[in-house]
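Undergrad: Before anything else, here's the structure in question.
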2 protein chains.
Amino acid sequence: MTSDVMTIREMCDAFDVTPRTLRFYESKELLFPIRDGTRRLFTRRDRARLKLILRGKRFGFSLEEIRQLLDLYDRDGSQELQLERTYQVARQRLEQMERQRAELDEAIAELKDQLAWGEEALAAFRRAAAE
Amino acid sequence: MTSDVMTIREMCDAFDVTPRTLRFYESKELLFPIRDGTRRLFTRRDRARLKLILRGKRFGFSLEEIRQLLDLYDRDGSQELQLERTYQVARQRLEQMERQRAELDEAIAELKDQLAWGEEALAAFRRAAAE
DNA sequence: AGAGGAGTTGACGTTGACGTAAACGTGACG
DNA sequence: CGTCACGTTTACGTCAACGTCAACTCCTCT
């Protein structure tokens, strides 16, 4: 099963990222492709991680935050202390996220108010123009 | 009414920003304080603009976007077109924010799942340790 | 053998929104 | 008169997440 690993090009096509991005992620220890000589070969584990990375980015998380989350998903640590530690990290992240959501909700509500005001102002213009 | 203008310090206190920020905004042509010699004096117009700037930032607009919106308001004459334009931009932002919130909610749910998993695993450890 | 294409490693550039430091001016107070 | 506190300008630093070269190496096809 050679298709168990993918070249950098195949990865780029599959995930719509650039080679630079994949090398960058590797340098940040988000991905761990194996080497065929100097060339990178991405395993199915790398693909799973990249999928999570890209999703995390869409959520607006930093790569460093994502790296921490990946360590949770990656919970290979069969050790209780390690699990406990990553669990705490994840809980903190959840709190952050819920604060973010609260702020976002507030901003959305405010913006909606503004839109209502704008709508009213536009309606006034149109009434004035109708005379 | 000397309170018609404010010093940089008064502005910082009133709006909870740093002097650097106000100077930066001036350099970006978002604010136009008048000068008393070399010192800046912020008018009520500056205060109105700053209020809008900070609100815009909470909504996630870039300073450049904010500048353009402010400039639209500034051009003299009938403001209906400008208002219409601003309204459209704001509506697009709102859509972006609501999509962002939906994704954030999804991520929160997923992370909660992971946490439940971790909790269960920890509980298993503790049961094993209780023997 | 030569050309082409994909891959590699540095290293520097970019954008946004400021922070920080240096070096100096100025007015009020004791 | 000294010395603060506060102000100024200029300019360089920062952080994230890559983009954009340059200067190779290696494989493949003809």
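Note on naming: chains are A, B, ... as they come in the structure tokens, residues start from 1 per chain, ligands start from 1 in the order shown.
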With all C-alpha atoms matched in order and chain A superposed on chain B by least squares, what's the RMSD to one decimal?

TA: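 Chain B versus chain A: RMSD of 2.8 Å.
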
Undergrad: Compile the contact shell of DG16 in chain C as a ChimeraX atom specification: residues with an atom at most 10 Å away, counting only C-alpha atoms (C1' of nucleotides), same-chain residues fewer than 3 positions apart removed.

TA: /B:62-64

Undergrad: Report as a PyMOL selection string all protein, DNA and RNA residues lying within 9 Å of range 11-19 of chain D, evaluated on only C-alpha atoms (C1' of nucleotides), omitting residues in the same chain fewer than 2 positions from it.

TA: (chain A and resi 20-21+24+62-63) or (chain C and resi 13-14+19-21)

Undergrad: I'd like the contact shell of Tyr25 in chain B - 10 Å cut-off, only C-alpha atoms (C1' of nucleotides), skipping same-chain residues fewer than 2 positions apart - returned as a short mmCIF file (atom, residue, chain, number, x, y, z; two decimals) with N, CA and C atoms (P, O5', C5', C4', C3', O3' and C1' of nucleotides), in the first residue's frame.

TA:
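Dumped everything to selection15.cif:
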```cif
data_model
loop_
_atom_site.label_atom_id
_atom_site.label_comp_id
_atom_site.auth_asym_id
_atom_site.auth_seq_id
_atom_site.Cartn_x
_atom_site.Cartn_y
_atom_site.Cartn_z
N PRO B 19 -1.82 56.55 24.16
CA PRO B 19 -1.44 57.68 23.30
C PRO B 19 -0.95 57.19 21.94
N ARG B 20 -0.17 56.13 21.98
CA ARG B 20 0.35 55.57 20.73
C ARG B 20 -0.77 55.26 19.75
N THR B 21 -1.84 54.72 20.26
CA THR B 21 -2.98 54.37 19.42
C THR B 21 -3.57 55.61 18.77
N LEU B 22 -3.74 56.67 19.54
CA LEU B 22 -4.33 57.89 18.98
C LEU B 22 -3.42 58.51 17.92
N ARG B 23 -2.12 58.49 18.20
CA ARG B 23 -1.19 59.04 17.20
C ARG B 23 -1.20 58.17 15.95
N SER B 27 -2.06 59.19 12.18
CA SER B 27 -1.16 58.96 11.04
C SER B 27 -1.88 58.21 9.93
N LYS B 28 -2.90 57.45 10.31
CA LYS B 28 -3.68 56.71 9.32
C LYS B 28 -4.87 57.52 8.84
N GLU B 29 -4.92 58.77 9.23
CA GLU B 29 -6.00 59.67 8.80
C GLU B 29 -7.39 59.19 9.23
N LEU B 30 -7.42 58.65 10.44
CA LEU B 30 -8.71 58.29 11.02
C LEU B 30 -9.17 59.40 11.95
N LEU B 31 -8.22 60.13 12.49
CA LEU B 31 -8.51 61.25 13.39
C LEU B 31 -7.75 62.48 12.89
N PHE B 32 -8.30 63.67 13.21
CA PHE B 32 -7.65 64.90 12.77
C PHE B 32 -7.63 65.92 13.90
N LEU B 50 -13.73 58.47 16.89
CA LEU B 50 -13.07 57.42 17.68
C LEU B 50 -14.08 56.41 18.20
N ILE B 53 -14.79 54.23 15.41
CA ILE B 53 -13.61 53.39 15.13
C ILE B 53 -13.59 52.19 16.07
N LEU B 63 -8.94 48.66 10.14
CA LEU B 63 -8.86 50.12 10.22
C LEU B 63 -9.07 50.74 8.85
N ARG B 67 -11.79 53.44 7.90
CA ARG B 67 -11.45 54.74 7.32
C ARG B 67 -12.34 55.04 6.12
P DA C 17 -5.87 46.69 11.25
"O5'" DA C 17 -5.17 46.97 12.65
"C5'" DA C 17 -5.13 45.93 13.62
"C4'" DA C 17 -4.20 46.30 14.73
"C3'" DA C 17 -4.30 47.76 15.21
"O3'" DA C 17 -4.24 47.78 16.63
"C1'" DA C 17 -2.10 47.25 14.73
P DC C 18 -4.90 48.99 17.42
"O5'" DC C 18 -3.87 50.18 17.24
"C5'" DC C 18 -2.93 50.52 18.24
"C4'" DC C 18 -1.86 49.47 18.42
"C3'" DC C 18 -0.80 49.83 19.44
"O3'" DC C 18 -1.00 49.09 20.64
"C1'" DC C 18 0.17 48.86 17.48
#
```

Undergrad: List as a Markdown table every residue of chain B that is in contact with chain D, defined as an atom at most 12 Å from one of its atoms (using only C-alpha atoms (C1' of nucleotides)), together with the nearest atom pair and the distance in Å rounded to one decimal, sorted by chain and then rising number.

TA:
```
| residue | atom | partner | partner_atom | distance |
| --- | --- | --- | --- | --- |
| B:Thr7 | CA | D:DG7 | C1' | 9.9 |
| B:Ile8 | CA | D:DG7 | C1' | 8.9 |
| B:Arg9 | CA | D:DC6 | C1' | 8.8 |
| B:Glu10 | CA | D:DC6 | C1' | 11.9 |
| B:Pro19 | CA | D:DG7 | C1' | 10.1 |
| B:Arg20 | CA | D:DT8 | C1' | 11.5 |
| B:Arg23 | CA | D:DT8 | C1' | 10.6 |
| B:Arg35 | CA | D:DT8 | C1' | 11.6 |
| B:Asp36 | CA | D:DG7 | C1' | 11.4 |
| B:Gly37 | CA | D:DT8 | C1' | 10.3 |
| B:Thr38 | CA | D:DT8 | C1' | 6.8 |
| B:Arg39 | CA | D:DG7 | C1' | 6.8 |
| B:Arg40 | CA | D:DG7 | C1' | 9.1 |
| B:Leu41 | CA | D:DG7 | C1' | 11.7 |
```

Undergrad: Save out the residues we just selected, N, CA, C and O atoms, as a PDB file, in the first residue's frame.

TA:
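So again26.pdb came out as:
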```
ATOM      1  N   THR B   7      -7.332  66.801  25.670  1.00  0.00           N
ATOM      2  CA  THR B   7      -5.928  66.448  25.478  1.00  0.00           C
ATOM      3  C   THR B   7      -5.826  64.965  25.185  1.00  0.00           C
ATOM      4  O   THR B   7      -6.796  64.220  25.310  1.00  0.00           O
ATOM      5  N   ILE B   8      -4.639  64.564  24.858  1.00  0.00           N
ATOM      6  CA  ILE B   8      -4.442  63.153  24.518  1.00  0.00           C
ATOM      7  C   ILE B   8      -4.706  62.280  25.746  1.00  0.00           C
ATOM      8  O   ILE B   8      -5.259  61.180  25.637  1.00  0.00           O
ATOM      9  N   ARG B   9      -4.305  62.773  26.913  1.00  0.00           N
ATOM     10  CA  ARG B   9      -4.505  62.002  28.135  1.00  0.00           C
ATOM     11  C   ARG B   9      -5.991  61.820  28.459  1.00  0.00           C
ATOM     12  O   ARG B   9      -6.446  60.739  28.823  1.00  0.00           O
ATOM     13  N   GLU B  10      -6.714  62.912  28.331  1.00  0.00           N
ATOM     14  CA  GLU B  10      -8.155  62.831  28.582  1.00  0.00           C
ATOM     15  C   GLU B  10      -8.821  61.841  27.633  1.00  0.00           C
ATOM     16  O   GLU B  10      -9.700  61.072  28.033  1.00  0.00           O
ATOM     17  N   PRO B  19      -1.820  56.546  24.157  1.00  0.00           N
ATOM     18  CA  PRO B  19      -1.438  57.683  23.296  1.00  0.00           C
ATOM     19  C   PRO B  19      -0.947  57.190  21.941  1.00  0.00           C
ATOM     20  O   PRO B  19      -1.267  57.776  20.907  1.00  0.00           O
ATOM     21  N   ARG B  20      -0.172  56.134  21.982  1.00  0.00           N
ATOM     22  CA  ARG B  20       0.346  55.574  20.729  1.00  0.00           C
ATOM     23  C   ARG B  20      -0.766  55.264  19.749  1.00  0.00           C
ATOM     24  O   ARG B  20      -0.649  55.495  18.546  1.00  0.00           O
ATOM     25  N   ARG B  23      -2.122  58.493  18.196  1.00  0.00           N
ATOM     26  CA  ARG B  23      -1.192  59.040  17.198  1.00  0.00           C
ATOM     27  C   ARG B  23      -1.200  58.172  15.948  1.00  0.00           C
ATOM     28  O   ARG B  23      -1.129  58.669  14.826  1.00  0.00           O
ATOM     29  N   ARG B  35      -3.955  71.427  16.488  1.00  0.00           N
ATOM     30  CA  ARG B  35      -2.721  71.570  17.229  1.00  0.00           C
ATOM     31  C   ARG B  35      -2.682  72.853  18.054  1.00  0.00           C
ATOM     32  O   ARG B  35      -3.050  73.924  17.566  1.00  0.00           O
ATOM     33  N   ASP B  36      -2.207  72.677  19.267  1.00  0.00           N
ATOM     34  CA  ASP B  36      -1.883  73.825  20.107  1.00  0.00           C
ATOM     35  C   ASP B  36      -0.367  73.792  20.191  1.00  0.00           C
ATOM     36  O   ASP B  36       0.202  73.131  21.048  1.00  0.00           O
ATOM     37  N   GLY B  37       0.276  74.503  19.262  1.00  0.00           N
ATOM     38  CA  GLY B  37       1.720  74.344  19.143  1.00  0.00           C
ATOM     39  C   GLY B  37       1.967  72.960  18.579  1.00  0.00           C
ATOM     40  O   GLY B  37       1.525  72.661  17.472  1.00  0.00           O
ATOM     41  N   THR B  38       2.619  72.133  19.345  1.00  0.00           N
ATOM     42  CA  THR B  38       2.861  70.772  18.857  1.00  0.00           C
ATOM     43  C   THR B  38       1.832  69.797  19.411  1.00  0.00           C
ATOM     44  O   THR B  38       1.686  68.700  18.897  1.00  0.00           O
ATOM     45  N   ARG B  39       1.132  70.211  20.445  1.00  0.00           N
ATOM     46  CA  ARG B  39       0.226  69.277  21.106  1.00  0.00           C
ATOM     47  C   ARG B  39      -1.098  69.083  20.383  1.00  0.00           C
ATOM     48  O   ARG B  39      -1.622  70.015  19.795  1.00  0.00           O
ATOM     49  N   ARG B  40      -1.592  67.894  20.528  1.00  0.00           N
ATOM     50  CA  ARG B  40      -2.855  67.568  19.887  1.00  0.00           C
ATOM     51  C   ARG B  40      -4.033  67.959  20.767  1.00  0.00           C
ATOM     52  O   ARG B  40      -4.006  67.766  21.988  1.00  0.00           O
ATOM     53  N   LEU B  41      -5.049  68.458  20.116  1.00  0.00           N
ATOM     54  CA  LEU B  41      -6.312  68.701  20.817  1.00  0.00           C
ATOM     55  C   LEU B  41      -7.412  68.034  20.017  1.00  0.00           C
ATOM     56  O   LEU B  41      -7.608  68.322  18.833  1.00  0.00           O
TER      57      LEU B  41
END
```

Undergrad: Do me a favour and pick out the residues of chain B within 9 Å of chain A, using only C-alpha atoms, as a PyMOL selection string.

TA: chain B and resi 55+58-60+80+83-84+86-87+90-91+93-94+97-98+100-101+103-105+107-108+111-112+114-115+118-119+121-122+125
